[in-house]
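Q: After the structure tokens below, expect a handful of questions from me.
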Amino acid sequence: MLTQTTTRVLEPSDLDAALEVLGREPVENAFVTSRVQVAGLDPWRLGGEMWGYYADGRLRSLCYAGANLVPVCADADAVRAFADRARRTGRRCSSIVGPAEATRLLWRLLEPSWGPARDVRSHQPLMVTEQSSAEVRPDPLVRRILKDEMDVIMPACVAMFTEEVGVSPMAGDGGLLYQARVAELVGTGRSFARIEDGKVVFKAEIGAATARACQIQGVWVDPEFRGRGHSETGMAAVVDFALRDIAPVVSLYVNDFNTAARAAYRRVGFREVGTFMSVLF
């Protein structure tokens, strides 16, 4: 029995305890929970390690250490422990992302050795809805992308990622990992778009999905079609798909400076329930 605070890499046998921690905040933890439910805790299948923080013999907090570093249900003591481990292992992630309070402390502790960051987005409202929009009619032309439409959706995905993150997902490995991720979302029926004359007008994906909550990502409207309400009607359609087929709570997080998007999501029925933070390298 562990009697003092400690951290260690979790093993497959720790799965039930990890899921118990993840279940404390089903909306905040949707991304990590969805990965664990599919891959378990084996680092090769998970795409990274899951660190556990123990206090008085109980697993209290988690930190997913893969392409992203994500603190989960982490108080200040847990964050300090995770920061110590992260410093020892060195930076392997392309971002730190999670609930703002824990992420802010984690970055403050890591910045002297990991900094500078390429971008810090310190206030990203977390928004949720549990019902279809009462104000915005869903776009009837938004539909699931078919597996043979990868060549249609991929340019829009690359444009969205580049615009949002500031670098192309095709850099480094030539986009192999990114293309695999897009193909996964298409293959599982979680990629949606309005397509006109072979061109994507609006698109969005459900990037994380559990039985309790799902998270929309990658919302994008072709610049030629912006200002016509496609983001609202498109999102209303995706919310309907999500509530009907995936989970009872739909969430997303958005940059605080994107006032137009925040207003559009509020019209669709989303409300702000928390704050995320992202550090991009």
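Ordering of the structure tokens sets the chain letters (A, B, ...); residue numbers start at 1 within each chain; ligands are numbered from 1 in the order shown.
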Do you have, as CSV, the list of residues of region 91-148 of chain A lying at most 12 Å from region 154-175 of chain A, each with its nearest atom pair and that distance in Å to one decimal, counting only C-alpha atoms and ordered by chain then number?
A:
```
residue,atom,partner,partner_atom,distance
A:Ser94,CA,A:Val165,CA,10.8
A:Ser95,CA,A:Val165,CA,10.4
A:Arg118,CA,A:Gly166,CA,9.2
A:Asp119,CA,A:Val165,CA,8.9
A:Val120,CA,A:Val165,CA,10.9
A:Arg121,CA,A:Val165,CA,10.7
A:Ile145,CA,A:Met154,CA,10.8
A:Lys147,CA,A:Met154,CA,11.5
A:Asp148,CA,A:Met154,CA,11.4
```
Q: Can you write out the residues you just picked, keeping all heavy atoms, as a JSON list (two decimals), in the first residue's frame?
A:
```json
[["chain", "number", "residue", "atom", "x", "y", "z"],
["A", 94, "SER", "N", 3.40, 18.32, -28.38],
["A", 94, "SER", "CA", 3.29, 19.53, -29.19],
["A", 94, "SER", "C", 2.41, 20.58, -28.53],
["A", 94, "SER", "O", 2.33, 21.72, -29.00],
["A", 94, "SER", "CB", 2.72, 19.19, -30.57],
["A", 94, "SER", "OG", 1.44, 18.58, -30.45],
["A", 95, "SER", "N", 1.75, 20.19, -27.43],
["A", 95, "SER", "CA", 0.92, 21.16, -26.71],
["A", 95, "SER", "C", 0.66, 20.67, -25.29],
["A", 95, "SER", "O", 0.76, 19.47, -24.99],
["A", 95, "SER", "CB", -0.42, 21.38, -27.43],
["A", 95, "SER", "OG", -1.23, 20.23, -27.35],
["A", 118, "ARG", "N", 5.23, 28.68, -28.55],
["A", 118, "ARG", "CA", 4.89, 29.39, -29.80],
["A", 118, "ARG", "C", 3.64, 30.24, -29.60],
["A", 118, "ARG", "O", 3.52, 31.32, -30.19],
["A", 118, "ARG", "CB", 4.69, 28.36, -30.92],
["A", 118, "ARG", "CG", 4.39, 28.97, -32.29],
["A", 118, "ARG", "CD", 4.42, 27.91, -33.37],
["A", 118, "ARG", "NE", 3.54, 26.79, -33.07],
["A", 118, "ARG", "CZ", 2.23, 26.78, -33.30],
["A", 118, "ARG", "NH1", 1.63, 27.86, -33.81],
["A", 118, "ARG", "NH2", 1.51, 25.72, -33.00],
["A", 119, "ASP", "N", 2.73, 29.75, -28.76],
["A", 119, "ASP", "CA", 1.50, 30.51, -28.49],
["A", 119, "ASP", "C", 0.90, 30.00, -27.19],
["A", 119, "ASP", "O", 0.98, 28.81, -26.88],
["A", 119, "ASP", "CB", 0.49, 30.33, -29.63],
["A", 119, "ASP", "CG", -0.66, 31.32, -29.56],
["A", 119, "ASP", "OD1", -0.59, 32.27, -28.75],
["A", 119, "ASP", "OD2", -1.64, 31.14, -30.32],
["A", 120, "VAL", "N", 0.34, 30.91, -26.40],
["A", 120, "VAL", "CA", -0.35, 30.55, -25.16],
["A", 120, "VAL", "C", -1.75, 31.11, -25.24],
["A", 120, "VAL", "O", -1.93, 32.32, -25.37],
["A", 120, "VAL", "CB", 0.38, 31.09, -23.92],
["A", 120, "VAL", "CG1", -0.42, 30.77, -22.66],
["A", 120, "VAL", "CG2", 1.78, 30.51, -23.82],
["A", 121, "ARG", "N", -2.74, 30.24, -25.16],
["A", 121, "ARG", "CA", -4.14, 30.65, -25.18],
["A", 121, "ARG", "C", -4.71, 30.37, -23.80],
["A", 121, "ARG", "O", -5.14, 29.25, -23.50],
["A", 121, "ARG", "CB", -4.88, 29.91, -26.29],
["A", 121, "ARG", "CG", -4.25, 30.21, -27.65],
["A", 121, "ARG", "CD", -4.84, 29.46, -28.79],
["A", 121, "ARG", "NE", -4.15, 29.81, -30.04],
["A", 121, "ARG", "CZ", -4.48, 29.32, -31.23],
["A", 121, "ARG", "NH1", -5.47, 28.46, -31.35],
["A", 121, "ARG", "NH2", -3.78, 29.68, -32.30],
["A", 145, "ILE", "N", -19.54, 12.47, -43.65],
["A", 145, "ILE", "CA", -18.63, 12.27, -44.77],
["A", 145, "ILE", "C", -18.45, 10.78, -45.01],
["A", 145, "ILE", "O", -18.31, 9.99, -44.07],
["A", 145, "ILE", "CB", -17.27, 12.93, -44.48],
["A", 145, "ILE", "CG1", -17.44, 14.43, -44.34],
["A", 145, "ILE", "CG2", -16.25, 12.61, -45.56],
["A", 145, "ILE", "CD1", -17.97, 15.11, -45.58],
["A", 147, "LYS", "N", -16.53, 7.36, -46.60],
["A", 147, "LYS", "CA", -15.14, 6.91, -46.61],
["A", 147, "LYS", "C", -14.43, 7.21, -47.92],
["A", 147, "LYS", "O", -13.21, 7.40, -47.94],
["A", 147, "LYS", "CB", -15.07, 5.42, -46.30],
["A", 147, "LYS", "CG", -15.49, 5.07, -44.88],
["A", 147, "LYS", "CD", -15.40, 3.58, -44.61],
["A", 147, "LYS", "CE", -15.84, 3.25, -43.19],
["A", 147, "LYS", "NZ", -15.78, 1.79, -42.91],
["A", 148, "ASP", "N", -15.18, 7.25, -49.02],
["A", 148, "ASP", "CA", -14.54, 7.53, -50.32],
["A", 148, "ASP", "C", -14.46, 9.02, -50.62],
["A", 148, "ASP", "O", -14.15, 9.42, -51.75],
["A", 148, "ASP", "CB", -15.26, 6.79, -51.44],
["A", 148, "ASP", "CG", -16.72, 7.22, -51.62],
["A", 148, "ASP", "OD1", -17.18, 8.10, -50.85],
["A", 148, "ASP", "OD2", -17.39, 6.70, -52.52]]
```
Q: With a distance cut-off of 10 Å and only C-alpha atoms, select the neighbouring residues of Ser113 (chain A), excluding the residue or stretch itself and same-chain residues fewer than 2 positions from it, and output the selection as a list in words.
A: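 Here the qualifying residues turn out to be Ala86, Arg87, Gly90, Arg91, Leu109, Leu110, Glu111, Gly115 and Pro116 of chain A.
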Q: Since we have the selection now, will you write its residues out, keeping all heavy atoms, as an mmCIF file, in the first residue's frame?
A:
```cif
data_model
loop_
_atom_site.group_PDB
_atom_site.id
_atom_site.type_symbol
_atom_site.label_atom_id
_atom_site.label_comp_id
_atom_site.auth_asym_id
_atom_site.auth_seq_id
_atom_site.Cartn_x
_atom_site.Cartn_y
_atom_site.Cartn_z
ATOM 1 N N ALA A 86 7.574 15.600 -15.845
ATOM 2 C CA ALA A 86 7.700 16.136 -17.199
ATOM 3 C C ALA A 86 9.077 16.747 -17.437
ATOM 4 O O ALA A 86 9.662 16.599 -18.512
ATOM 5 C CB ALA A 86 6.600 17.164 -17.461
ATOM 6 N N ARG A 87 9.601 17.428 -16.433
ATOM 7 C CA ARG A 87 10.945 18.004 -16.570
ATOM 8 C C ARG A 87 11.987 16.903 -16.736
ATOM 9 O O ARG A 87 12.918 17.033 -17.533
ATOM 10 C CB ARG A 87 11.277 18.878 -15.361
ATOM 11 C CG ARG A 87 10.756 20.294 -15.442
ATOM 12 C CD ARG A 87 11.390 21.174 -14.380
ATOM 13 N NE ARG A 87 11.034 20.718 -13.036
ATOM 14 C CZ ARG A 87 10.015 21.206 -12.327
ATOM 15 N NH1 ARG A 87 9.250 22.157 -12.843
ATOM 16 N NH2 ARG A 87 9.758 20.748 -11.111
ATOM 17 N N GLY A 90 11.608 15.332 -20.263
ATOM 18 C CA GLY A 90 11.811 16.240 -21.381
ATOM 19 C C GLY A 90 10.547 16.370 -22.207
ATOM 20 O O GLY A 90 9.643 15.535 -22.140
ATOM 21 N N ARG A 91 10.474 17.451 -22.977
ATOM 22 C CA ARG A 91 9.249 17.707 -23.750
ATOM 23 C C ARG A 91 9.158 16.796 -24.960
ATOM 24 O O ARG A 91 10.027 16.771 -25.811
ATOM 25 C CB ARG A 91 9.188 19.167 -24.201
ATOM 26 C CG ARG A 91 7.860 19.486 -24.917
ATOM 27 C CD ARG A 91 7.722 20.956 -25.241
ATOM 28 N NE ARG A 91 8.610 21.388 -26.300
ATOM 29 C CZ ARG A 91 8.367 21.215 -27.599
ATOM 30 N NH1 ARG A 91 7.269 20.587 -27.998
ATOM 31 N NH2 ARG A 91 9.218 21.666 -28.493
ATOM 32 N N LEU A 109 5.320 26.094 -14.089
ATOM 33 C CA LEU A 109 6.406 25.265 -13.566
ATOM 34 C C LEU A 109 7.325 24.734 -14.673
ATOM 35 O O LEU A 109 8.517 24.525 -14.448
ATOM 36 C CB LEU A 109 5.819 24.093 -12.777
ATOM 37 C CG LEU A 109 5.046 24.470 -11.511
ATOM 38 C CD1 LEU A 109 4.317 23.259 -10.954
ATOM 39 C CD2 LEU A 109 5.980 25.075 -10.466
ATOM 40 N N LEU A 110 6.774 24.550 -15.858
ATOM 41 C CA LEU A 110 7.557 23.973 -16.951
ATOM 42 C C LEU A 110 8.212 25.016 -17.860
ATOM 43 O O LEU A 110 9.186 24.713 -18.538
ATOM 44 C CB LEU A 110 6.669 23.062 -17.804
ATOM 45 C CG LEU A 110 6.238 21.740 -17.167
ATOM 46 C CD1 LEU A 110 5.254 21.012 -18.083
ATOM 47 C CD2 LEU A 110 7.446 20.865 -16.878
ATOM 48 N N GLU A 111 7.673 26.220 -17.864
ATOM 49 C CA GLU A 111 8.171 27.229 -18.806
ATOM 50 C C GLU A 111 9.670 27.475 -18.699
ATOM 51 O O GLU A 111 10.344 27.618 -19.733
ATOM 52 C CB GLU A 111 7.406 28.539 -18.626
ATOM 53 C CG GLU A 111 7.791 29.591 -19.661
ATOM 54 C CD GLU A 111 6.961 30.853 -19.534
ATOM 55 O OE1 GLU A 111 6.244 31.013 -18.528
ATOM 56 O OE2 GLU A 111 7.041 31.693 -20.463
ATOM 57 N N GLY A 115 10.143 26.394 -22.173
ATOM 58 C CA GLY A 115 9.790 27.570 -22.963
ATOM 59 C C GLY A 115 10.875 27.969 -23.929
ATOM 60 O O GLY A 115 11.976 27.402 -23.904
ATOM 61 N N PRO A 116 10.575 28.969 -24.775
ATOM 62 C CA PRO A 116 9.280 29.652 -24.853
ATOM 63 C C PRO A 116 8.280 28.860 -25.679
ATOM 64 O O PRO A 116 8.658 28.024 -26.497
ATOM 65 C CB PRO A 116 9.632 30.967 -25.545
ATOM 66 C CG PRO A 116 10.780 30.595 -26.448
ATOM 67 C CD PRO A 116 11.574 29.570 -25.684
#
```
Q: Return as a ChimeraX atom specification the full set of residues in region 30-232 of chain A whose backbone-based DSSP assignment is strand (DSSP E).
A: /A:49-55,58-65,68-72,95-99,119-129,143-144,191-196,199-209,214-221
Q: Could the residues of region 121-176 of chain A that have an atom at most 7 Å from region 185-207 of chain A be listed as a Markdown table, each with its closest atom pair and the distance in Å to one decimal, counting only C-alpha atoms and ordered by chain and ascending residue number?
A:
```
| residue | atom | partner | partner_atom | distance |
| --- | --- | --- | --- | --- |
| A:Leu141 | CA | A:Arg194 | CA | 5.5 |
| A:Val142 | CA | A:Arg194 | CA | 4.4 |
| A:Arg143 | CA | A:Phe192 | CA | 5.3 |
| A:Arg144 | CA | A:Phe192 | CA | 4.5 |
| A:Ile145 | CA | A:Phe192 | CA | 5.5 |
| A:Leu146 | CA | A:Val186 | CA | 6.7 |
| A:Lys147 | CA | A:Gly187 | CA | 6.0 |
| A:Val152 | CA | A:Gly198 | CA | 6.8 |
| A:Ile153 | CA | A:Val200 | CA | 6.8 |
| A:Ala156 | CA | A:Val200 | CA | 6.6 |
```
Q: Would you export the selected residues with C-alpha atoms as a PDB file, in the first residue's frame, please?
A:
```pdb
ATOM      1  CA  LEU A 141     -27.371  19.623 -46.257  1.00  0.00           C
ATOM      2  CA  VAL A 142     -24.872  18.877 -43.491  1.00  0.00           C
ATOM      3  CA  ARG A 143     -24.207  15.137 -43.508  1.00  0.00           C
ATOM      4  CA  ARG A 144     -21.691  12.493 -42.541  1.00  0.00           C
ATOM      5  CA  ILE A 145     -18.629  12.274 -44.771  1.00  0.00           C
ATOM      6  CA  LEU A 146     -18.299   8.978 -46.647  1.00  0.00           C
ATOM      7  CA  LYS A 147     -15.142   6.914 -46.608  1.00  0.00           C
ATOM      8  CA  VAL A 152     -12.823  16.105 -50.643  1.00  0.00           C
ATOM      9  CA  ILE A 153     -12.637  16.676 -46.900  1.00  0.00           C
ATOM     10  CA  ALA A 156     -10.648  21.634 -45.681  1.00  0.00           C
TER      11      ALA A 156
END
```
Q: Interatomic distance between CA of Pro125 (chain A) and CA of Ala180 (chain A)?
A: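 For CA of Pro125 (chain A) relative to CA of Ala180 (chain A), the distance reads 28.4 Å.
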Q: Using only C-alpha atoms, what table do you get, as CSV, when you list each residue of region 12-131 of chain A with an atom no more than 10 Å from region 235-243 of chain A, its nearest pair of atoms, and their distance in Å rounded to one decimal, rows by chain then rising number?
A:
```
residue,atom,partner,partner_atom,distance
A:Thr129,CA,A:Val239,CA,8.4
A:Glu130,CA,A:Leu243,CA,7.4
A:Gln131,CA,A:Leu243,CA,7.3
```
Q: Suppose we keep N, CA and C atoms; can you now write the selection as an mmCIF file, in the first residue's frame?
A:
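That gives us result-v1.cif:
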```
data_model
loop_
_atom_site.group_PDB
_atom_site.id
_atom_site.type_symbol
_atom_site.label_atom_id
_atom_site.label_comp_id
_atom_site.auth_asym_id
_atom_site.auth_seq_id
_atom_site.Cartn_x
_atom_site.Cartn_y
_atom_site.Cartn_z
ATOM 1 N N THR A 129 -24.023 21.903 -24.389
ATOM 2 C CA THR A 129 -25.462 21.917 -24.587
ATOM 3 C C THR A 129 -25.975 20.495 -24.463
ATOM 4 N N GLU A 130 -27.210 20.357 -24.002
ATOM 5 C CA GLU A 130 -27.836 19.052 -23.864
ATOM 6 C C GLU A 130 -29.091 18.937 -24.716
ATOM 7 N N GLN A 131 -29.349 19.932 -25.563
ATOM 8 C CA GLN A 131 -30.576 19.885 -26.361
ATOM 9 C C GLN A 131 -30.375 20.554 -27.711
#
```
Q: Write out as a ChimeraX atom specification all residues of region 34-193 of chain A that backbone DSSP assigns to helix (DSSP H, G or I).
A: /A:34-39,43-46,76-89,100-114,147-165,176-187
